[in-house]
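Colleague: Following this line is target03.cif, made up of mmCIF, C-alpha atoms:
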```
data_structure
#
loop_
_atom_site.label_atom_id
_atom_site.label_comp_id
_atom_site.auth_asym_id
_atom_site.auth_seq_id
_atom_site.Cartn_x
_atom_site.Cartn_y
_atom_site.Cartn_z
CA MET A 199 0.00 0.00 0.00
CA SER A 200 1.37 3.46 -0.98
CA TYR A 201 2.14 6.17 1.58
CA TRP A 202 -0.78 8.24 0.27
CA LEU A 203 -3.28 5.41 0.78
CA GLN A 204 -1.90 4.71 4.25
CA TYR A 205 -2.19 8.39 5.16
CA ARG A 206 -5.71 8.62 3.76
CA GLN A 207 -6.90 5.44 5.48
CA PHE A 208 -5.40 6.49 8.81
CA THR A 209 -6.97 9.98 8.65
CA GLU A 210 -10.41 8.69 7.63
CA GLU A 211 -10.43 6.08 10.39
CA ASN A 212 -9.34 8.69 12.93
CA LEU A 213 -12.16 11.07 11.93
CA LEU A 214 -14.96 8.70 10.88
CA GLY A 215 -14.06 5.55 12.81
CA LYS A 216 -13.56 2.07 11.43
CA ASN A 217 -17.19 0.96 11.51
CA LYS A 218 -19.12 1.97 8.42
CA PRO A 219 -22.84 2.64 9.04
CA GLU A 220 -25.35 0.18 7.67
CA ILE A 221 -27.16 2.95 5.77
CA GLU A 222 -25.07 5.75 4.25
CA ASP A 223 -27.46 8.64 4.92
CA LEU A 224 -26.89 12.34 4.22
CA ALA A 225 -25.25 12.91 7.63
CA TYR A 226 -22.68 10.23 6.83
CA TRP A 227 -21.84 11.85 3.48
CA ARG A 228 -21.46 15.29 5.15
CA ASP A 229 -18.94 13.73 7.51
CA LYS A 230 -17.28 11.98 4.57
CA VAL A 231 -16.91 15.27 2.65
CA PHE A 232 -15.39 16.99 5.70
CA THR A 233 -12.98 14.10 6.24
CA ASN A 234 -11.78 14.11 2.64
CA ALA A 235 -11.47 17.90 2.72
CA ILE A 236 -9.08 17.54 5.65
CA VAL A 237 -7.23 14.69 3.89
CA TYR A 238 -6.54 16.84 0.82
CA PHE A 239 -6.18 20.17 2.65
CA LEU A 240 -3.19 19.15 4.78
CA PRO A 241 -0.75 18.34 1.95
CA VAL A 242 -2.15 20.93 -0.49
CA SER A 243 -2.02 23.73 2.11
CA LEU A 244 1.78 23.51 2.03
CA VAL A 245 1.61 25.05 -1.46
CA ALA A 246 0.18 28.23 0.09
CA LEU A 247 1.79 27.98 3.54
CA ILE A 248 5.49 27.88 2.58
CA PRO A 249 5.56 30.87 0.20
CA GLY A 250 3.05 32.73 2.41
CA VAL A 251 5.18 32.41 5.55
CA TRP A 252 8.35 33.25 3.61
CA LEU A 253 6.77 36.42 2.13
CA SER A 254 5.29 37.45 5.49
CA LEU A 255 8.68 37.18 7.18
CA LYS A 256 10.35 39.03 4.33
CA GLU A 257 7.84 41.91 4.61
CA GLY A 258 8.10 41.93 8.38
CA LEU A 259 4.52 40.72 8.90
CA TRP A 260 5.39 38.44 11.79
CA PHE A 261 1.82 38.22 13.03
CA LEU A 262 0.56 37.01 9.62
CA ALA A 263 3.31 34.37 9.48
CA ILE A 264 2.41 33.15 12.98
CA VAL A 265 -1.28 32.95 12.04
CA ASP A 266 -0.44 30.88 8.94
CA ILE A 267 1.63 28.46 11.01
CA VAL A 268 -0.96 28.26 13.79
CA THR A 269 -3.69 27.56 11.20
CA ALA A 270 -1.67 24.73 9.65
CA LEU A 271 -0.91 23.22 13.07
CA SER A 272 -4.58 23.55 14.03
CA PHE A 273 -5.62 21.48 11.03
CA VAL A 274 -2.99 18.87 11.93
CA LEU A 275 -4.53 18.78 15.41
CA ILE A 276 -8.05 18.51 13.90
CA ALA A 277 -6.96 15.61 11.69
CA PHE A 278 -4.93 13.54 14.14
CA HIS A 279 -5.97 14.32 17.73
CA ARG A 280 -7.79 11.21 18.93
CA SER A 281 -9.91 12.66 21.77
CA LEU A 282 -11.85 15.16 19.63
CA ASN A 283 -15.27 14.18 18.32
CA LEU A 284 -16.20 14.94 14.74
CA ALA A 285 -18.58 17.82 15.55
CA THR A 286 -15.82 19.61 17.53
CA ARG A 287 -13.37 19.09 14.67
CA LYS A 288 -15.83 20.72 12.26
CA VAL A 289 -16.37 23.76 14.51
CA LEU A 290 -12.62 24.22 15.03
CA ALA A 291 -11.99 23.99 11.30
CA MET A 292 -14.61 26.64 10.52
CA ALA A 293 -13.26 28.91 13.29
CA MET A 294 -9.70 28.69 11.94
CA LEU A 295 -10.88 29.40 8.40
CA TYR A 296 -12.77 32.48 9.61
CA LEU A 297 -9.71 33.64 11.53
CA LEU A 298 -7.56 33.21 8.44
CA ALA A 299 -10.09 35.14 6.31
CA VAL A 300 -10.13 38.07 8.75
CA ILE A 301 -6.32 38.16 8.97
CA LEU A 302 -6.03 38.16 5.19
CA LEU A 303 -8.46 41.08 4.99
CA LEU A 304 -6.47 43.06 7.54
CA PHE A 305 -2.92 42.45 6.40
CA LEU A 306 -2.86 41.44 2.73
CA GLY A 307 -3.60 44.89 1.31
CA SER A 308 -6.29 43.48 -1.00
CA PHE A 309 -9.69 42.27 0.10
CA GLY A 310 -10.02 39.81 -2.81
CA PRO A 311 -8.48 36.69 -1.15
CA GLY A 312 -10.20 37.41 2.18
CA LEU A 313 -13.64 37.75 0.57
CA LEU A 314 -12.98 34.58 -1.45
CA TYR A 315 -12.27 32.76 1.82
CA LEU A 316 -15.60 33.99 3.25
CA LEU A 317 -17.47 32.70 0.19
CA THR A 318 -15.62 29.36 0.34
CA ILE A 319 -16.37 29.00 4.05
CA THR A 320 -20.10 29.42 3.46
CA ILE A 321 -20.14 26.86 0.62
CA PHE A 322 -18.05 24.46 2.72
CA THR A 323 -20.43 24.97 5.65
CA ALA A 324 -23.40 24.03 3.41
CA LEU A 325 -21.58 20.81 2.47
CA ILE A 326 -20.62 19.60 5.96
CA PHE A 327 -23.48 20.99 8.09
CA PRO A 328 -27.25 21.18 7.68
CA VAL A 329 -28.13 24.01 5.28
CA SER A 330 -29.58 26.09 8.15
CA VAL A 331 -26.03 26.44 9.50
CA ALA A 332 -24.91 27.76 6.09
CA TYR A 333 -27.50 30.54 6.32
CA LYS A 334 -26.06 31.45 9.73
CA SER A 335 -22.66 31.57 8.04
CA ILE A 336 -24.09 34.12 5.58
CA GLY A 337 -25.28 36.17 8.56
CA LEU A 338 -21.80 36.01 10.07
CA ASN A 339 -20.29 37.09 6.75
CA LEU A 340 -22.69 40.03 6.69
CA ILE A 341 -21.64 41.06 10.20
CA ILE A 342 -17.94 40.84 9.23
CA CYS A 343 -18.56 42.96 6.14
CA VAL A 344 -20.43 45.61 8.17
CA LEU A 345 -17.66 45.70 10.81
CA PHE A 346 -15.00 46.14 8.14
CA ALA A 347 -17.06 48.91 6.53
CA LEU A 348 -17.07 50.73 9.90
CA ILE A 349 -13.33 50.09 10.38
CA ILE A 350 -12.55 51.50 6.92
CA HIS A 351 -14.90 54.46 7.30
CA TYR A 352 -13.66 55.55 10.75
CA LYS A 353 -10.03 54.42 10.23
CA LEU A 354 -10.20 52.35 13.42
CA LEU A 355 -7.18 50.23 12.53
CA ASN A 356 -3.87 51.20 10.97
CA SER A 357 -3.80 48.67 8.11
CA SER A 358 -3.37 48.73 4.38
CA LEU A 359 -7.08 47.99 4.01
CA THR A 360 -8.12 51.26 5.71
CA GLN A 361 -5.51 53.22 3.82
CA LEU A 362 -6.14 51.94 0.27
CA TYR A 363 -9.92 51.60 0.14
CA THR A 364 -13.00 53.62 0.96
CA ALA A 365 -16.10 52.37 2.73
CA GLU A 366 -18.08 52.78 -0.51
CA SER A 367 -15.72 50.52 -2.51
CA TRP A 368 -15.74 47.97 0.28
CA ILE A 369 -19.55 47.90 0.40
CA ALA A 370 -19.77 47.61 -3.39
CA VAL A 371 -17.49 44.56 -3.45
CA SER A 372 -18.65 42.85 -0.24
CA SER A 373 -22.33 43.15 -1.26
CA ASN A 374 -21.50 41.00 -4.28
CA LEU A 375 -20.01 38.46 -1.87
CA ILE A 376 -23.21 38.32 0.14
CA CYS A 377 -25.25 37.96 -3.04
CA LEU A 378 -23.10 35.02 -4.19
CA ASN A 379 -23.35 33.49 -0.71
CA VAL A 380 -27.14 33.50 -0.85
CA VAL A 381 -27.33 32.12 -4.40
CA CYS A 382 -24.81 29.32 -3.71
CA VAL A 383 -26.49 28.25 -0.45
CA ALA A 384 -29.97 28.34 -2.03
CA LEU A 385 -28.78 26.10 -4.88
CA LEU A 386 -26.96 23.79 -2.49
CA ASP A 387 -30.10 23.65 -0.34
CA MET A 388 -32.07 22.46 -3.37
CA LEU A 389 -29.37 19.92 -4.25
CA VAL A 390 -29.12 18.64 -0.68
CA LYS A 391 -32.88 18.22 -0.35
CA GLY A 392 -32.92 16.24 -3.59
CA LEU A 393 -30.05 14.07 -2.39
CA GLN A 394 -31.77 13.61 0.98
CA LYS A 395 -34.93 12.41 -0.76
CA THR A 396 -32.96 10.06 -2.99
CA ILE A 397 -30.87 8.69 -0.12
CA THR A 398 -33.98 8.23 2.05
CA GLN A 399 -35.74 6.33 -0.73
CA GLU A 400 -32.65 4.24 -1.39
CA ALA A 401 -32.27 3.48 2.31
CA TYR A 402 -35.93 2.50 2.51
CA LEU A 403 -35.58 0.27 -0.54
CA GLN A 404 -32.42 -1.29 0.89
CA MET A 405 -34.24 -2.06 4.14
CA GLN A 406 -37.15 -3.54 2.22
CA LEU A 407 -34.77 -5.56 0.05
CA LYS A 408 -32.94 -6.82 3.12
CA GLU A 409 -36.22 -7.80 4.79
CA GLU A 410 -37.42 -9.54 1.63
CA SER A 411 -34.06 -11.28 1.26
CA THR A 412 -34.29 -12.49 4.85
CA LYS A 413 -37.82 -13.74 4.25
CA MET A 414 -36.72 -15.41 1.02
CA GLU A 415 -33.82 -17.13 2.76
CA GLN A 416 -36.19 -18.35 5.47
CA LEU A 417 -38.65 -19.60 2.84
CA ILE A 418 -35.85 -21.35 0.95
CA GLU A 419 -34.69 -23.06 4.13
CA THR A 420 -38.27 -24.04 4.94
CA LEU A 421 -38.74 -25.34 1.39
CA LYS A 422 -35.52 -27.34 1.64
CA ASP A 423 -36.72 -28.87 4.90
CA LYS A 424 -40.13 -29.69 3.41
CA ASN A 425 -38.57 -31.18 0.29
CA HIS A 426 -36.29 -33.28 2.44
CA GLU A 427 -39.27 -34.44 4.48
CA LEU A 428 -41.21 -35.26 1.31
CA GLU A 429 -38.26 -37.19 -0.12
CA GLN A 430 -37.96 -39.17 3.10
CA PHE A 431 -41.71 -39.73 3.16
CA ALA A 432 -41.77 -40.93 -0.46
CA PHE A 433 -38.76 -43.17 0.10
CA ILE A 434 -39.98 -44.69 3.35
CA THR A 435 -43.56 -45.03 2.13
CA SER A 436 -42.45 -46.68 -1.08
CA HIS A 437 -40.30 -49.19 0.74
CA ASP A 438 -42.93 -49.87 3.39
CA LEU A 439 -45.66 -50.41 0.80
CA GLN A 440 -43.54 -52.80 -1.24
CA GLU A 441 -43.63 -55.47 1.47
CA PRO A 442 -47.44 -55.90 1.75
CA LEU A 443 -47.64 -55.86 -2.06
CA ARG A 444 -45.10 -58.64 -2.25
CA THR A 445 -47.16 -60.53 0.34
CA ILE A 446 -50.37 -60.07 -1.65
CA THR A 447 -48.65 -61.14 -4.88
CA THR A 448 -47.13 -64.20 -3.17
CA VAL A 449 -50.43 -65.25 -1.53
CA VAL A 450 -52.32 -64.87 -4.82
CA ALA A 451 -49.69 -66.94 -6.67
CA ASP A 452 -49.77 -69.64 -3.97
CA LEU A 453 -53.56 -69.79 -4.07
CA GLU A 454 -53.56 -70.10 -7.85
CA GLN A 455 -50.88 -72.82 -7.68
CA GLN A 456 -52.53 -74.81 -4.90
CA ASN A 457 -56.02 -74.63 -6.36
CA LYS A 458 -55.06 -74.97 -9.98
CA GLY A 459 -57.95 -76.63 -11.83
CA ASP A 460 -60.20 -76.59 -8.73
CA MET A 461 -61.17 -72.86 -8.61
CA ASP A 462 -64.47 -71.69 -9.97
CA GLU A 463 -64.51 -68.93 -12.59
CA MET A 464 -65.36 -66.02 -10.20
CA THR A 465 -62.57 -66.94 -7.79
CA SER A 466 -60.10 -67.06 -10.65
CA ILE A 467 -61.30 -63.64 -11.88
CA TYR A 468 -61.00 -62.10 -8.39
CA LEU A 469 -57.50 -63.46 -7.91
CA GLY A 470 -56.60 -62.06 -11.34
CA PHE A 471 -57.89 -58.63 -10.26
CA LEU A 472 -55.82 -58.83 -7.08
CA SER A 473 -52.69 -59.78 -9.01
CA GLN A 474 -53.15 -57.02 -11.60
CA SER A 475 -53.89 -54.42 -8.92
CA ALA A 476 -50.73 -55.39 -7.03
CA VAL A 477 -48.66 -55.09 -10.21
CA ARG A 478 -50.14 -51.64 -10.94
CA MET A 479 -49.58 -50.54 -7.36
CA ARG A 480 -45.96 -51.67 -7.51
CA ALA A 481 -45.50 -49.70 -10.75
CA LEU A 482 -47.03 -46.60 -9.14
CA ILE A 483 -44.83 -46.89 -6.06
CA THR A 484 -41.73 -47.42 -8.19
CA GLY A 485 -42.64 -44.40 -10.30
CA LEU A 486 -43.22 -42.27 -7.18
CA LEU A 487 -39.89 -43.32 -5.75
CA GLU A 488 -38.08 -42.51 -9.00
CA TYR A 489 -39.90 -39.15 -9.16
CA SER A 490 -38.68 -38.18 -5.67
CA ARG A 491 -35.09 -39.13 -6.53
CA LEU A 492 -34.81 -37.12 -9.78
CA GLY A 493 -31.73 -34.87 -9.71
CA LYS A 494 -30.87 -35.79 -6.12
CA ASP A 495 -27.18 -35.39 -5.18
CA LYS A 496 -26.04 -34.96 -8.80
CA LEU A 497 -23.92 -32.40 -10.63
CA LEU A 498 -24.35 -30.84 -14.05
CA GLU A 499 -21.96 -32.13 -16.69
CA LYS A 500 -21.35 -31.57 -20.39
CA VAL A 501 -23.72 -33.95 -22.20
CA ASP A 502 -23.89 -34.78 -25.91
CA CYS A 503 -27.61 -35.10 -26.68
CA ASN A 504 -26.86 -37.15 -29.80
CA ILE A 505 -25.24 -39.87 -27.66
CA ILE A 506 -28.06 -39.68 -25.11
CA LEU A 507 -30.64 -40.15 -27.90
CA GLN A 508 -28.78 -43.13 -29.40
CA GLU A 509 -28.59 -44.83 -25.99
CA CYS A 510 -32.27 -44.19 -25.47
CA LEU A 511 -33.18 -45.67 -28.89
CA ALA A 512 -31.01 -48.70 -28.13
CA ASP A 513 -32.91 -49.30 -24.89
CA LEU A 514 -36.25 -48.96 -26.70
CA ARG A 515 -35.22 -51.00 -29.78
CA THR A 516 -37.64 -53.88 -29.14
CA TYR A 517 -40.56 -51.54 -28.41
CA ILE A 518 -39.78 -49.50 -31.52
CA GLN A 519 -39.58 -52.60 -33.73
CA GLU A 520 -42.79 -54.09 -32.35
CA ASN A 521 -44.68 -50.90 -33.25
CA GLN A 522 -42.78 -50.32 -36.54
CA ALA A 523 -41.96 -46.79 -35.40
CA ILE A 524 -39.85 -44.51 -37.59
CA ILE A 525 -37.67 -42.11 -35.58
CA THR A 526 -35.53 -39.41 -37.18
CA SER A 527 -33.55 -36.56 -35.72
CA SER A 528 -31.50 -33.52 -36.65
CA PRO A 529 -28.05 -32.90 -35.09
CA LEU A 530 -28.51 -32.21 -31.40
CA PRO A 531 -26.34 -29.94 -29.22
CA GLU A 532 -24.01 -30.44 -26.30
CA LEU A 533 -25.12 -28.69 -23.13
CA PRO A 534 -24.73 -28.86 -19.34
CA ALA A 535 -27.26 -31.36 -18.00
CA TYR A 536 -27.94 -34.34 -15.74
CA GLY A 537 -27.21 -37.21 -18.14
CA LEU A 538 -29.42 -39.92 -16.62
CA GLU A 539 -32.38 -37.56 -16.19
CA LEU A 540 -32.03 -36.21 -19.73
CA LYS A 541 -32.04 -39.77 -21.08
CA LEU A 542 -35.21 -40.49 -19.09
CA LEU A 543 -36.77 -37.33 -20.57
CA PHE A 544 -36.15 -38.47 -24.15
CA GLN A 545 -37.24 -42.01 -23.29
CA ASN A 546 -40.57 -40.90 -21.81
CA LEU A 547 -41.38 -38.58 -24.70
CA ILE A 548 -40.51 -41.19 -27.35
CA SER A 549 -42.40 -43.96 -25.49
CA ASN A 550 -45.47 -41.72 -25.22
CA ALA A 551 -45.28 -40.83 -28.92
CA ILE A 552 -45.25 -44.54 -29.77
CA LYS A 553 -47.89 -45.51 -27.22
CA PHE A 554 -50.48 -42.91 -28.26
CA ARG A 555 -50.37 -43.83 -31.93
CA LYS A 556 -53.25 -43.90 -34.36
CA LYS A 557 -54.60 -47.34 -35.19
CA ASN A 558 -53.14 -49.01 -38.27
CA ILE A 559 -50.63 -46.15 -38.77
CA SER A 560 -46.93 -46.53 -38.06
CA PRO A 561 -45.67 -43.96 -35.55
CA GLN A 562 -43.40 -41.33 -37.10
CA ILE A 563 -41.36 -39.29 -34.65
CA ARG A 564 -39.07 -36.37 -35.51
CA ILE A 565 -36.64 -34.96 -32.91
CA THR A 566 -35.02 -31.56 -33.56
CA ALA A 567 -33.29 -28.74 -31.65
CA LEU A 568 -32.89 -25.03 -32.42
CA GLN A 569 -31.06 -22.37 -30.43
CA ASP A 570 -33.19 -19.45 -29.25
CA ASN A 571 -31.02 -16.82 -27.48
CA ASN A 572 -29.75 -18.48 -24.29
CA TYR A 573 -31.82 -21.66 -24.67
CA TRP A 574 -31.89 -24.78 -26.80
CA VAL A 575 -35.49 -25.55 -27.80
CA PHE A 576 -36.05 -29.28 -28.43
CA SER A 577 -39.06 -30.63 -30.32
CA VAL A 578 -40.44 -34.17 -30.33
CA ALA A 579 -43.12 -34.29 -33.05
CA ASP A 580 -45.37 -37.29 -33.67
CA ASN A 581 -48.32 -38.30 -35.88
CA GLY A 582 -50.34 -39.79 -33.04
CA ILE A 583 -53.83 -39.18 -31.66
CA GLY A 584 -53.03 -35.64 -30.48
CA ILE A 585 -54.09 -33.87 -27.29
CA ASP A 586 -57.14 -31.68 -26.79
CA ALA A 587 -56.19 -28.06 -25.99
CA ARG A 588 -58.17 -28.32 -22.73
CA PHE A 589 -55.76 -30.94 -21.39
CA GLN A 590 -52.40 -29.55 -22.56
CA GLU A 591 -51.49 -28.44 -19.03
CA LYS A 592 -53.14 -31.26 -17.08
CA ILE A 593 -51.13 -33.99 -18.78
CA PHE A 594 -48.01 -32.89 -16.84
CA VAL A 595 -49.71 -33.39 -13.46
CA ILE A 596 -48.56 -36.52 -11.63
CA PHE A 597 -50.96 -39.49 -11.84
CA HIS A 598 -53.26 -37.55 -14.20
CA ARG A 599 -54.56 -39.72 -17.05
CA LEU A 600 -56.64 -38.78 -20.11
CA HIS A 601 -57.40 -42.36 -21.13
CA SER A 602 -58.52 -45.50 -19.33
CA ARG A 603 -56.03 -48.25 -18.49
CA THR A 604 -57.85 -50.62 -20.84
CA ALA A 605 -57.13 -48.25 -23.75
CA TYR A 606 -53.55 -47.30 -22.83
CA GLU A 607 -51.40 -48.84 -20.14
CA GLY A 608 -49.34 -46.66 -17.82
CA THR A 609 -49.09 -45.05 -14.39
CA GLY A 610 -49.65 -41.38 -15.29
CA ILE A 611 -46.21 -40.43 -14.00
CA GLY A 612 -44.17 -40.25 -17.23
CA LEU A 613 -44.98 -36.67 -18.25
CA ALA A 614 -44.77 -35.50 -14.64
CA HIS A 615 -41.24 -36.92 -14.71
CA CYS A 616 -40.58 -34.94 -17.88
CA ARG A 617 -41.70 -31.65 -16.36
CA LYS A 618 -39.69 -32.21 -13.19
CA ILE A 619 -36.57 -33.06 -15.22
CA VAL A 620 -36.93 -29.95 -17.41
CA GLU A 621 -37.58 -27.67 -14.40
CA LEU A 622 -34.59 -29.27 -12.68
CA HIS A 623 -32.53 -27.88 -15.60
CA ARG A 624 -34.18 -24.43 -15.18
CA GLY A 625 -36.18 -24.95 -18.37
CA LYS A 626 -39.78 -25.27 -19.49
CA ILE A 627 -41.86 -27.94 -21.25
CA TRP A 628 -45.13 -27.64 -23.14
CA VAL A 629 -47.14 -29.34 -25.88
CA GLU A 630 -48.57 -27.99 -29.14
CA PRO A 631 -50.77 -29.51 -31.83
CA ASN A 632 -48.86 -30.78 -34.84
CA PRO A 633 -50.18 -29.09 -38.02
CA GLU A 634 -49.60 -32.38 -39.84
CA GLY A 635 -51.54 -34.31 -37.19
CA GLY A 636 -50.51 -35.50 -33.75
CA SER A 637 -48.59 -33.50 -31.15
CA ILE A 638 -45.30 -31.68 -30.72
CA PHE A 639 -43.73 -31.76 -27.28
CA ARG A 640 -41.28 -28.90 -26.87
CA PHE A 641 -38.89 -28.22 -24.03
CA LYS A 642 -36.14 -25.62 -23.66
CA LEU A 643 -32.90 -26.01 -21.71
CA PRO A 644 -30.33 -23.30 -20.91
CA VAL A 645 -27.25 -23.10 -23.15
CA ILE A 646 -25.06 -22.46 -20.10
#
```
Render the structure in this file as structure tokens.
Modeller:
Amino acid sequence: MSYWLQYRQFTEENLLGKNKPEIEDLAYWRDKVFTNAIVYFLPVSLVALIPGVWLSLKEGLWFLAIVDIVTALSFVLIAFHRSLNLATRKVLAMAMLYLLAVILLLFLGSFGPGLLYLLTITIFTALIFPVSVAYKSIGLNLIICVLFALIIHYKLLNSSLTQLYTAESWIAVSSNLICLNVVCVALLDMLVKGLQKTITQEAYLQMQLKEESTKMEQLIETLKDKNHELEQFAFITSHDLQEPLRTITTVVADLEQQNKGDMDEMTSIYLGFLSQSAVRMRALITGLLEYSRLGKDKLLEKVDCNIILQECLADLRTYIQENQAIITSSPLPELPAYGLELKLLFQNLISNAIKFRKKNISPQIRITALQDNNYWVFSVADNGIGIDARFQEKIFVIFHRLHSRTAYEGTGIGLAHCRKIVELHRGKIWVEPNPEGGSIFRFKLPVI
């Protein structure tokens, strides 16, 4: 760290303290302006102090040289004395500046620099104090100007000011000072009020944002806990329900084996119902368990969708051949994804496209992908029975079926799986009617 940064940090911490306020209101920024004014004033003042003291000593103005030195030392004291509070430092700084302005008016032989100091003091006061204090500074400037007018008029002091200028010339010049004082403070008052309004609104918005963030964090934690509870519930329930199902299946099989050829028709039908119901229940439980585990404890990885699709078609080869399905695809992208879940997504959509085929028509499925801004939009188009517009949202609800089990087998979980997988990737899935007949399932996944 450079010497300048060390000096600046030390001075700011000495004046403002190390703890930054939670909300940087207007009072904080007034203190910040004063602190930085002191930081820059100390080194820059040497530019005026050294030649000023040298000239004062050369001209025999010992008192002016002493005042310059005392002023510089006073600002060193204001900057580095540890026991002074910030309000006291501000008052001392303004007092020393006023003293310097008066001395310049008395001894310099020209009232230009002294009047400039008075104007600067008022503007500086408006920056580091409430604006009401700046108006008091204007009043003090007015009093000083009136006193100097009396001193010049009655020759009360033996100085170059009383010898070179008349009361009329002093009044003419100093009245311009007062005018500038009023204009500058009025404009600064308007600026400060605007800043105060902006800072207040920003502080209010920050507080609201912090409260909302806290609430959001609490909701996220609550949601995590609930999701964990639901995952445990689904896992435990699934495992606990498997055992009585296995018992029912075993008992039914034993009864059928032991009474083979001796059962009447109704008993055989009832046992068949029991066996089928147990199989369906097991499929539902397995589907629920898989649904709860989707994306659990996995990391995104770079996945080639072409390879995923080929693996999926290999797994479904028998089903595809049995239904004489024709599946084509365009080149698919690589993107960050959960490989196993993405494969399940393709598998469910292709299986559905084959399952919900039109009678006596071979299923034709076309899989494509196009980039749309920051997303890849995939399409799985088929020539099947299509989906009524009224049910295009409901089909993604878990266990929701549009057809009876006698017409189409299934658990009603497949498309719910698809939506959960897509949302797990921060994407979206929907279905549209295919203009050529059938449906087009589309889903979009982020490029990055």
Colleague: List, as number ranges by chain, every residue that the PyMOL selection byres ((chain A and resi 269) around 12) selects in the file provided.
Modeller: A: 239-240, 243-244, 246-247, 251, 262-268, 270-276, 290-299, 301
Colleague: What's the 12 Å shell around Gln508 of chain A, counting only C-alpha atoms, without same-chain residues fewer than 2 positions away, as a ChimeraX atom specification?
Modeller: /A:502-506,510-515,525-527,529-530,541,544-545,565
Colleague: So which residues get picked by the PyMOL selection byres ((chain A and resi 623) around 12) here, written as a PyMOL selection string?
Modeller: chain A and resi 492-493+496-499+533-537+539-540+543+573-574+616-622+624-627+641-646
Colleague: For atom CA of Asp223 of chain A and atom CA of Leu325 of chain A, determine how far apart the two atoms are, in Å to one decimal place.
Modeller: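 These atoms are spaced 13.7 Å apart.
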Colleague: For atom CA of Lys556 of chain A and atom CA of Gly470 of chain A, determine how far apart the two atoms are, in Å to one decimal place.
Modeller: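 Going from atom CA of Lys556 of chain A over to atom CA of Gly470 of chain A, I get 29.5 Å.
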Colleague: Suppose a student applies the PyMOL selection byres ((chain A and resi 330) around 12) to this structure; what residues should they get, written as a PyMOL selection string?
Modeller: chain A and resi 320+323-329+331-337+380+383-384+386-387+390
Colleague: Tell me which of A:Asn425, A:Ser373, A:Asn550, A:Met479 sits closest to Thr447 of chain A, counting only C-alpha atoms.
Modeller: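 Closest candidate: A:Met479.
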Colleague: Atom CA of Gly582 of chain A to atom CA of Lys557 of chain A: how many Å, to one decimal?
Modeller: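 For atom CA of Gly582 of chain A relative to atom CA of Lys557 of chain A, the distance reads 8.9 Å.
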Colleague: Would you please work out which residue, of A:Asn339, A:Thr398, A:Asn283, A:Gln207, is nearest to Leu224 of chain A when using all atoms listed in the file?
Modeller: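 Comparing A:Asn339, A:Thr398, A:Asn283, A:Gln207 against Leu224 of chain A, the winner is A:Thr398.
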Colleague: With distances taken over all atoms listed in the file, which of A:Leu378, A:Ile638, A:Leu443, A:Val578 is nearest to Leu313 of chain A?
Modeller: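 Using all atoms listed in the file, Leu313 of chain A sits closest to A:Leu378.
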Colleague: Which one of A:Asn571, A:Ser473, A:Ser357, A:Ser466 sits closest to Thr448 of chain A if you count all atoms listed in the file?
Modeller: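 Under the stated criterion, the closest residue is A:Ser473.
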Colleague: Using only C-alpha atoms, which of A:Trp252, A:Glu222, A:Arg206, A:Pro633 sits nearest Tyr238 of chain A?
Modeller: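 Under the stated criterion, the closest residue is A:Arg206.
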Colleague: Nearest to Lys553 of chain A among A:Ala451, A:Cys382, A:Ile583, A:Ile611, with distances taken over only C-alpha atoms: which residue is it?
Modeller: A:Ile583
Colleague: Excluding Ile552 of chain A and its own-chain neighbours fewer than 2 positions away, which residues fall within 8 Å of it when counting all atoms listed in the file? Please give them as number ranges by chain.
Modeller: A: 518, 521, 523, 548-550, 554-555, 561, 582
